[in-house]
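Engineer: You'll find my_file.pdb just under this line, and it carries PDB, C-alpha atoms.
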MODEL        1
ATOM      1  CA  MET X  29      14.414  12.020  -3.324
ATOM      2  CA  THR X  30      14.842  12.810   0.380
ATOM      3  CA  GLY X  31      13.146  15.030   2.923
ATOM      4  CA  ASP X  32       9.803  13.245   3.360
ATOM      5  CA  THR X  33       9.098  12.621   7.059
ATOM      6  CA  VAL X  34       6.765   9.795   8.076
ATOM      7  CA  SER X  35       5.721   9.065  11.658
ATOM      8  CA  ASP X  36       5.380   5.497  12.917
ATOM      9  CA  SER X  37       1.615   6.030  13.393
ATOM     10  CA  ALA X  38       0.958   7.223   9.830
ATOM     11  CA  ILE X  39      -1.219   5.390   7.334
ATOM     12  CA  LEU X  40       0.630   5.357   4.023
ATOM     13  CA  GLN X  41      -1.576   5.220   0.957
ATOM     14  CA  PHE X  42      -0.297   3.449  -2.138
ATOM     15  CA  LYS X  43      -2.084   4.546  -5.303
ATOM     16  CA  SER X  44      -1.728   2.647  -8.533
ATOM     17  CA  ASP X  45      -3.167   3.758 -11.865
ATOM     18  CA  ILE X  46      -3.897   0.710 -13.996
ATOM     19  CA  ASP X  47      -4.591   0.882 -17.714
ATOM     20  CA  ILE X  48      -5.432  -2.399 -19.444
ATOM     21  CA  SER X  49      -6.931  -0.883 -22.583
ATOM     22  CA  GLY X  50      -5.388  -2.447 -25.671
ATOM     23  CA  LEU X  51      -3.876  -5.341 -23.696
ATOM     24  CA  ALA X  52      -4.868  -8.978 -24.193
ATOM     25  CA  VAL X  53      -5.795  -9.563 -20.537
ATOM     26  CA  LYS X  54      -7.036 -13.066 -19.713
ATOM     27  CA  ASP X  55      -8.765 -14.546 -16.670
ATOM     28  CA  GLY X  56      -6.025 -15.234 -14.088
ATOM     29  CA  ASP X  57      -3.490 -12.682 -15.381
ATOM     30  CA  TYR X  58      -2.155 -10.548 -12.561
ATOM     31  CA  ILE X  59       0.007  -7.624 -11.505
ATOM     32  CA  SER X  60       2.334  -8.236  -8.558
ATOM     33  CA  VAL X  61       3.312  -5.374  -6.227
ATOM     34  CA  GLN X  62       6.066  -6.240  -3.721
ATOM     35  CA  PHE X  63       6.376  -3.993  -0.671
ATOM     36  CA  PRO X  64       9.468  -3.730   1.560
ATOM     37  CA  ALA X  65       9.680  -5.203   5.072
ATOM     38  CA  GLY X  66       9.508  -1.671   6.527
ATOM     39  CA  LEU X  67       5.833  -1.381   5.495
ATOM     40  CA  LYS X  68       3.004  -3.656   6.592
ATOM     41  CA  SER X  69      -0.693  -4.368   6.223
ATOM     42  CA  LYS X  70      -3.045  -7.183   7.189
ATOM     43  CA  ASP X  71      -4.032 -10.063   4.906
ATOM     44  CA  GLN X  72      -7.004  -8.918   2.855
ATOM     45  CA  GLU X  73      -8.987  -9.338  -0.339
ATOM     46  CA  PHE X  74     -11.074  -6.742  -2.174
ATOM     47  CA  GLU X  75     -12.939  -6.489  -5.460
ATOM     48  CA  ILE X  76     -11.817  -4.008  -8.121
ATOM     49  CA  PRO X  77     -14.736  -2.767 -10.229
ATOM     50  CA  GLY X  78     -14.559  -1.495 -13.782
ATOM     51  CA  ALA X  79     -16.211   1.694 -15.033
ATOM     52  CA  ASP X  80     -19.609  -0.033 -15.141
ATOM     53  CA  GLY X  81     -19.306  -1.234 -11.512
ATOM     54  CA  VAL X  82     -18.760  -4.892 -12.463
ATOM     55  CA  SER X  83     -15.705  -6.538 -10.893
ATOM     56  CA  ILE X  84     -12.801  -6.933 -13.336
ATOM     57  CA  ALA X  85     -10.190  -8.008 -10.766
ATOM     58  CA  LYS X  86      -9.561  -8.918  -7.178
ATOM     59  CA  GLY X  87      -6.846  -7.429  -4.983
ATOM     60  CA  VAL X  88      -5.211  -9.995  -2.663
ATOM     61  CA  TYR X  89      -2.615  -8.939  -0.081
ATOM     62  CA  ASP X  90      -0.406 -11.582   1.555
ATOM     63  CA  SER X  91       1.231 -10.089   4.673
ATOM     64  CA  LYS X  92       3.902 -12.806   4.947
ATOM     65  CA  ALA X  93       5.071 -12.307   1.368
ATOM     66  CA  ARG X  94       4.353  -8.517   1.570
ATOM     67  CA  GLU X  95       2.783  -8.832  -1.870
ATOM     68  CA  LEU X  96      -0.344  -7.300  -3.354
ATOM     69  CA  LYS X  97      -1.664  -9.143  -6.394
ATOM     70  CA  VAL X  98      -4.265  -7.647  -8.707
ATOM     71  CA  ILE X  99      -5.757 -10.769 -10.276
ATOM     72  CA  PHE X 100      -7.910 -10.159 -13.331
ATOM     73  CA  ASN X 101     -11.085 -12.187 -13.952
ATOM     74  CA  LYS X 102     -13.055 -13.047 -17.105
ATOM     75  CA  ASN X 103     -14.769  -9.630 -17.038
ATOM     76  CA  ALA X 104     -11.390  -8.022 -17.785
ATOM     77  CA  GLU X 105     -11.129  -9.870 -21.095
ATOM     78  CA  ASN X 106     -11.955  -7.402 -23.887
ATOM     79  CA  TYR X 107     -12.583  -4.686 -21.279
ATOM     80  CA  SER X 108     -12.979  -1.326 -23.002
ATOM     81  CA  GLY X 109     -13.497   0.903 -19.964
ATOM     82  CA  GLY X 110     -10.022   2.430 -20.047
ATOM     83  CA  SER X 111      -7.888   3.069 -17.005
ATOM     84  CA  GLY X 112      -8.620   3.191 -13.292
ATOM     85  CA  SER X 113      -6.941   3.465  -9.904
ATOM     86  CA  ILE X 114      -6.655   1.377  -6.779
ATOM     87  CA  PHE X 115      -5.674   2.574  -3.330
ATOM     88  CA  PHE X 116      -4.000   0.401  -0.714
ATOM     89  CA  ASN X 117      -3.122   1.456   2.837
ATOM     90  CA  LEU X 118       0.019   0.396   4.702
ATOM     91  CA  ASN X 119       1.577   1.184   8.068
ATOM     92  CA  VAL X 120       5.163   1.541   9.212
ATOM     93  CA  ASN X 121       6.404  -1.838  10.454
ATOM     94  CA  THR X 122       8.036  -0.892  13.769
ATOM     95  CA  ASN X 123       9.356  -4.443  14.120
ATOM     96  CA  VAL X 124      11.663  -3.576  11.208
ATOM     97  CA  ILE X 125      12.019   0.218  11.499
ATOM     98  CA  LYS X 126      12.731   0.430  15.230
ATOM     99  CA  LYS X 127      14.277   3.872  15.518
ATOM    100  CA  SER X 128      14.001   7.265  13.882
ATOM    101  CA  GLY X 129      16.150   7.917  10.848
ATOM    102  CA  LYS X 130      16.385   7.677   7.092
ATOM    103  CA  GLU X 131      15.361   4.414   5.447
ATOM    104  CA  PRO X 132      15.143   3.548   1.744
ATOM    105  CA  ILE X 133      11.823   2.221   0.470
ATOM    106  CA  GLU X 134      11.698   0.172  -2.731
ATOM    107  CA  ILE X 135       8.560  -1.135  -4.402
ATOM    108  CA  LEU X 136       8.663  -3.706  -7.175
ATOM    109  CA  VAL X 137       5.939  -4.177  -9.788
ATOM    110  CA  ASN X 138       6.122  -7.471 -11.655
ATOM    111  CA  GLY X 139       9.691  -7.841 -10.387
ATOM    112  CA  LYS X 140      10.850  -4.418 -11.656
ATOM    113  CA  LYS X 141      11.898  -1.645  -9.269
ATOM    114  CA  ILE X 142       9.330   1.087  -9.864
ATOM    115  CA  ILE X 143       9.711   3.207  -6.734
ATOM    116  CA  GLN X 144      12.909   3.914  -4.843
ATOM    117  CA  LYS X 145      12.658   6.697  -2.314
ATOM    118  CA  GLU X 146      14.267   7.562   1.005
ATOM    119  CA  PHE X 147      12.075   8.603   3.923
ATOM    120  CA  ASN X 148      12.912  10.091   7.277
ATOM    121  CA  PHE X 149      10.966   7.909   9.729
ATOM    122  CA  THR X 150      10.042   9.260  13.162
ATOM    123  CA  VAL X 151       9.550   6.369  15.576
ATOM    124  CA  VAL X 152       8.075   7.476  18.911
ATOM    125  CA  GLY X 153       7.117   4.209  20.618
ATOM    126  CA  LYS X 154       4.907   3.873  23.692
ATOM    127  CA  ASP X 155       5.510   5.412  27.103
ATOM    128  CA  ASP X 156       5.796   3.097  30.073
ATOM    129  CA  PRO X 157       3.754   3.931  32.042
ATOM    130  CA  VAL X 158       1.330   5.257  29.452
ATOM    131  CA  SER X 159       0.931   9.042  29.456
ATOM    132  CA  PHE X 160      -2.695  10.015  28.881
ATOM    133  CA  TRP X 161      -1.710  13.366  27.413
ATOM    134  CA  LYS X 162       0.749  12.012  24.866
ATOM    135  CA  THR X 163      -0.937   8.759  23.869
ATOM    136  CA  MET X 164      -2.659   8.736  20.505
ATOM    137  CA  ASP X 165      -2.326   4.963  20.032
ATOM    138  CA  LYS X 166      -5.648   3.368  19.122
ATOM    139  CA  ASP X 167      -4.473   0.028  20.545
ATOM    140  CA  ILE X 168      -4.337   1.379  24.105
ATOM    141  CA  LYS X 169      -7.762   1.302  25.781
ATOM    142  CA  GLY X 170      -9.135   4.705  26.768
ATOM    143  CA  SER X 171      -7.060   6.738  24.336
ATOM    144  CA  GLN X 172      -8.275   8.816  21.425
ATOM    145  CA  GLY X 173      -6.806   7.013  18.422
ATOM    146  CA  TYR X 174      -6.201   8.642  15.087
ATOM    147  CA  ARG X 175      -4.190   7.991  11.973
ATOM    148  CA  ARG X 176      -2.906  10.535   9.476
ATOM    149  CA  LYS X 177      -2.984   9.650   5.805
ATOM    150  CA  ASP X 178       0.169  10.405   3.858
ATOM    151  CA  THR X 179       0.043   9.802   0.143
ATOM    152  CA  LEU X 180       3.496   8.491  -0.695
ATOM    153  CA  PHE X 181       3.098   6.858  -4.024
ATOM    154  CA  ASN X 182       1.172   8.417  -6.852
ATOM    155  CA  SER X 183       0.395   7.756 -10.478
ATOM    156  CA  LEU X 184       1.935   4.325 -10.892
ATOM    157  CA  LEU X 185       1.026   2.966 -14.312
ATOM    158  CA  CYS X 186       1.161  -0.816 -14.467
ATOM    159  CA  LYS X 187       1.440  -2.027 -18.047
ATOM    160  CA  ASP X 188       3.276  -4.949 -19.557
TER     161      ASP X 188
ENDMDL
END
Mind turning this structure into structure tokens?

Structural biologist:
Amino acid sequence: MTGDTVSDSAILQFKSDIDISGLAVKDGDYISVQFPAGLKSKDQEFEIPGADGVSIAKGVYDSKARELKVIFNKNAENYSGGSGSIFFNLNVNTNVIKKSGKEPIEILVNGKKIIQKEFNFTVVGKDDPVSFWKTMDKDIKGSQGYRRKDTLFNSLLCKD
């Protein structure tokens, strides 16, 4: 699929629908999501609650490996709450995507290519000297920073 335009300042939201009902999930089992070098996020950890609000997994993102792991805990064993979703935000990695143009994006889940899509990236960069009227970069002091959310990936069912 082509035609999707993404600016270098966009926040890209990855959504994954996870259904573990009927699976023999054990403490320590995990789902691995591998992102391409063209997308980035910071190292982070977050709890993933079940339908009753009790944590059934932890999301751990490793920025060097560009991998998000959903690691299930003992509360996921015999979990009967059905399916749920997680959301994870990424940015365009302008150290990799340095100029505007079409770039393929592939995402692997447990080593299998699940998403393969081509995007038209618009890379603007920063003015030198900085133009007050054009700057919307939150990293430059005195500017009005904003980020637009683009939902790129939807309804990804992760089942073994």

Engineer: Starting from the displayed file, determine the output of the PyMOL selection byres ((chain X and resi 120) around 6) and express the residue list as an MDAnalysis selection string.

Structural biologist: chainID X and resid 36 67 119 121:122

Engineer: For stretch 41-80 of chain X versus stretch 138-146 of chain X, which residues have an atom no more than 12 Å away, and what is each residue's nearest atom pair and distance in Å rounded to one decimal, using only C-alpha atoms, chain-then-number order, as a Markdown table?

Structural biologist:
| residue | atom | partner | partner_atom | distance |
| --- | --- | --- | --- | --- |
| X:Phe42 | CA | X:Ile143 | CA | 11.0 |
| X:Lys43 | CA | X:Ile143 | CA | 12.0 |
| X:Ser44 | CA | X:Ile142 | CA | 11.2 |
| X:Asp57 | CA | X:Asn138 | CA | 11.6 |
| X:Tyr58 | CA | X:Asn138 | CA | 8.9 |
| X:Ile59 | CA | X:Asn138 | CA | 6.1 |
| X:Ser60 | CA | X:Asn138 | CA | 5.0 |
| X:Val61 | CA | X:Asn138 | CA | 6.5 |
| X:Gln62 | CA | X:Gly139 | CA | 7.8 |
| X:Phe63 | CA | X:Ile143 | CA | 10.0 |
| X:Pro64 | CA | X:Gln144 | CA | 10.5 |
| X:Gly66 | CA | X:Glu146 | CA | 11.8 |

Engineer: Written as a list in words, what is the full residue list that the PyMOL selection byres ((chain X and resi 151) around 8) yields on the file shown?

Structural biologist: Ser35, Asp36, Thr122, Ile125, Lys126, Lys127, Ser128, Phe149, Thr150, Val152 and Gly153 of chain X

Engineer: Could you give me, as a CSV table (one decimal) with C-alpha atoms, in the frame of the given file, the residues that sit within 10 Å of (-3.9, -4.8, -8.6) in the file's coordinates, counting all atoms listed in the file?

Structural biologist:
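Produced file point.csv, reproduced below:
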chain,number,residue,atom,x,y,z
X,44,SER,CA,-1.7,2.6,-8.5
X,45,ASP,CA,-3.2,3.8,-11.9
X,46,ILE,CA,-3.9,0.7,-14.0
X,58,TYR,CA,-2.2,-10.5,-12.6
X,59,ILE,CA,0.0,-7.6,-11.5
X,60,SER,CA,2.3,-8.2,-8.6
X,61,VAL,CA,3.3,-5.4,-6.2
X,74,PHE,CA,-11.1,-6.7,-2.2
X,75,GLU,CA,-12.9,-6.5,-5.5
X,76,ILE,CA,-11.8,-4.0,-8.1
X,85,ALA,CA,-10.2,-8.0,-10.8
X,86,LYS,CA,-9.6,-8.9,-7.2
X,87,GLY,CA,-6.8,-7.4,-5.0
X,88,VAL,CA,-5.2,-10.0,-2.7
X,89,TYR,CA,-2.6,-8.9,-0.1
X,96,LEU,CA,-0.3,-7.3,-3.4
X,97,LYS,CA,-1.7,-9.1,-6.4
X,98,VAL,CA,-4.3,-7.6,-8.7
X,99,ILE,CA,-5.8,-10.8,-10.3
X,100,PHE,CA,-7.9,-10.2,-13.3
X,113,SER,CA,-6.9,3.5,-9.9
X,114,ILE,CA,-6.7,1.4,-6.8
X,115,PHE,CA,-5.7,2.6,-3.3
X,116,PHE,CA,-4.0,0.4,-0.7
X,137,VAL,CA,5.9,-4.2,-9.8
X,186,CYS,CA,1.2,-0.8,-14.5

Engineer: For atom CA of X:Ser49 and atom CA of X:Leu136, quote the distance in Å rounded to one decimal.

Structural biologist: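 Distance reported for this atom pair: 22.1 Å.
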
Engineer: I'd like the interatomic distance between atom CA of X:Gly110 and atom CA of X:Asp71, to a tenth of an Å.

Structural biologist: 28.5 Å

Engineer: Would you mind reading off the distance between atom CA of X:Arg94 and atom CA of X:Pro77, one decimal, in Å?

Structural biologist: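 Atom-to-atom, atom CA of X:Arg94 and atom CA of X:Pro77 are spaced 23.2 Å apart.
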
Engineer: For X:Gln41, which residue out of X:Asn148, X:Asn117, X:Asn123, X:Asn103 is the nearest one, using all atoms listed in the file?

Structural biologist: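 Using all atoms listed in the file, the shortest distance to X:Gln41 belongs to X:Asn117.
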
Engineer: So for stretch 38-45 of chain X, what box centre and size do we get, axis-aligned, 8 Å extra on each of the six sides, every listed atom, Å to one decimal, as lines of an AutoDock Vina configuration file?

Structural biologist:
center_x = -1.1
center_y = 4.9
center_z = -1.0
size_x = 20.1
size_y = 20.6
size_z = 37.7

Engineer: Given the file shown, determine the residues that the PyMOL selection byres ((chain X and resi 51) around 10) selects; report them as a VMD selection string.

Structural biologist: chain X and resid 47 to 50 52 to 54 104 to 108 187 to 188

Engineer: Could you check which of X:Ile133, X:Gly81, X:Asp32, X:Ala65 is closest to X:Ala93, using all atoms listed in the file?

Structural biologist: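 Of the candidates, the smallest distance to X:Ala93 is held by X:Ala65.
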
Engineer: Let me make sure I understand: among X:Ile39, X:Phe147, X:Asp80, X:Ser69, which one has the smallest atom-to-atom distance to X:Gly112 if we use only C-alpha atoms?

Structural biologist: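 Closest candidate: X:Asp80.
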
Engineer: As a PDB file, in the coordinates of the input, could you write out stretch 99-110 of chain X once it has been completed with N, CA and C atoms?

Structural biologist:
ATOM      1  N   ILE X  99      -5.491  -9.593  -9.437  1.00  0.00           N
ATOM      2  CA  ILE X  99      -5.757 -10.769 -10.276  1.00  0.00           C
ATOM      3  C   ILE X  99      -6.995 -10.495 -11.127  1.00  0.00           C
ATOM      4  N   PHE X 100      -6.809 -10.467 -12.427  1.00  0.00           N
ATOM      5  CA  PHE X 100      -7.910 -10.159 -13.331  1.00  0.00           C
ATOM      6  C   PHE X 100      -8.816 -11.369 -13.517  1.00  0.00           C
ATOM      7  N   ASN X 101     -10.115 -11.113 -13.723  1.00  0.00           N
ATOM      8  CA  ASN X 101     -11.085 -12.187 -13.952  1.00  0.00           C
ATOM      9  C   ASN X 101     -11.593 -12.119 -15.392  1.00  0.00           C
ATOM     10  N   LYS X 102     -12.554 -12.973 -15.723  1.00  0.00           N
ATOM     11  CA  LYS X 102     -13.055 -13.047 -17.105  1.00  0.00           C
ATOM     12  C   LYS X 102     -13.687 -11.738 -17.574  1.00  0.00           C
ATOM     13  N   ASN X 103     -14.175 -10.910 -16.645  1.00  0.00           N
ATOM     14  CA  ASN X 103     -14.769  -9.630 -17.038  1.00  0.00           C
ATOM     15  C   ASN X 103     -13.727  -8.653 -17.585  1.00  0.00           C
ATOM     16  N   ALA X 104     -12.458  -8.894 -17.289  1.00  0.00           N
ATOM     17  CA  ALA X 104     -11.390  -8.022 -17.785  1.00  0.00           C
ATOM     18  C   ALA X 104     -11.040  -8.327 -19.244  1.00  0.00           C
ATOM     19  N   GLU X 105     -11.402  -9.518 -19.707  1.00  0.00           N
ATOM     20  CA  GLU X 105     -11.129  -9.870 -21.095  1.00  0.00           C
ATOM     21  C   GLU X 105     -11.957  -8.958 -22.003  1.00  0.00           C
ATOM     22  N   ASN X 106     -11.310  -8.327 -22.951  1.00  0.00           N
ATOM     23  CA  ASN X 106     -11.955  -7.402 -23.887  1.00  0.00           C
ATOM     24  C   ASN X 106     -12.593  -6.206 -23.179  1.00  0.00           C
ATOM     25  N   TYR X 107     -12.081  -5.846 -22.017  1.00  0.00           N
ATOM     26  CA  TYR X 107     -12.583  -4.686 -21.279  1.00  0.00           C
ATOM     27  C   TYR X 107     -12.239  -3.417 -22.035  1.00  0.00           C
ATOM     28  N   SER X 108     -13.212  -2.551 -22.234  1.00  0.00           N
ATOM     29  CA  SER X 108     -12.979  -1.326 -23.002  1.00  0.00           C
ATOM     30  C   SER X 108     -13.200  -0.074 -22.161  1.00  0.00           C
ATOM     31  N   GLY X 109     -13.216  -0.229 -20.854  1.00  0.00           N
ATOM     32  CA  GLY X 109     -13.497   0.903 -19.964  1.00  0.00           C
ATOM     33  C   GLY X 109     -12.331   1.839 -19.717  1.00  0.00           C
ATOM     34  N   GLY X 110     -11.153   1.534 -20.239  1.00  0.00           N
ATOM     35  CA  GLY X 110     -10.022   2.430 -20.047  1.00  0.00           C
ATOM     36  C   GLY X 110      -9.277   2.162 -18.763  1.00  0.00           C
TER      37      GLY X 110
END
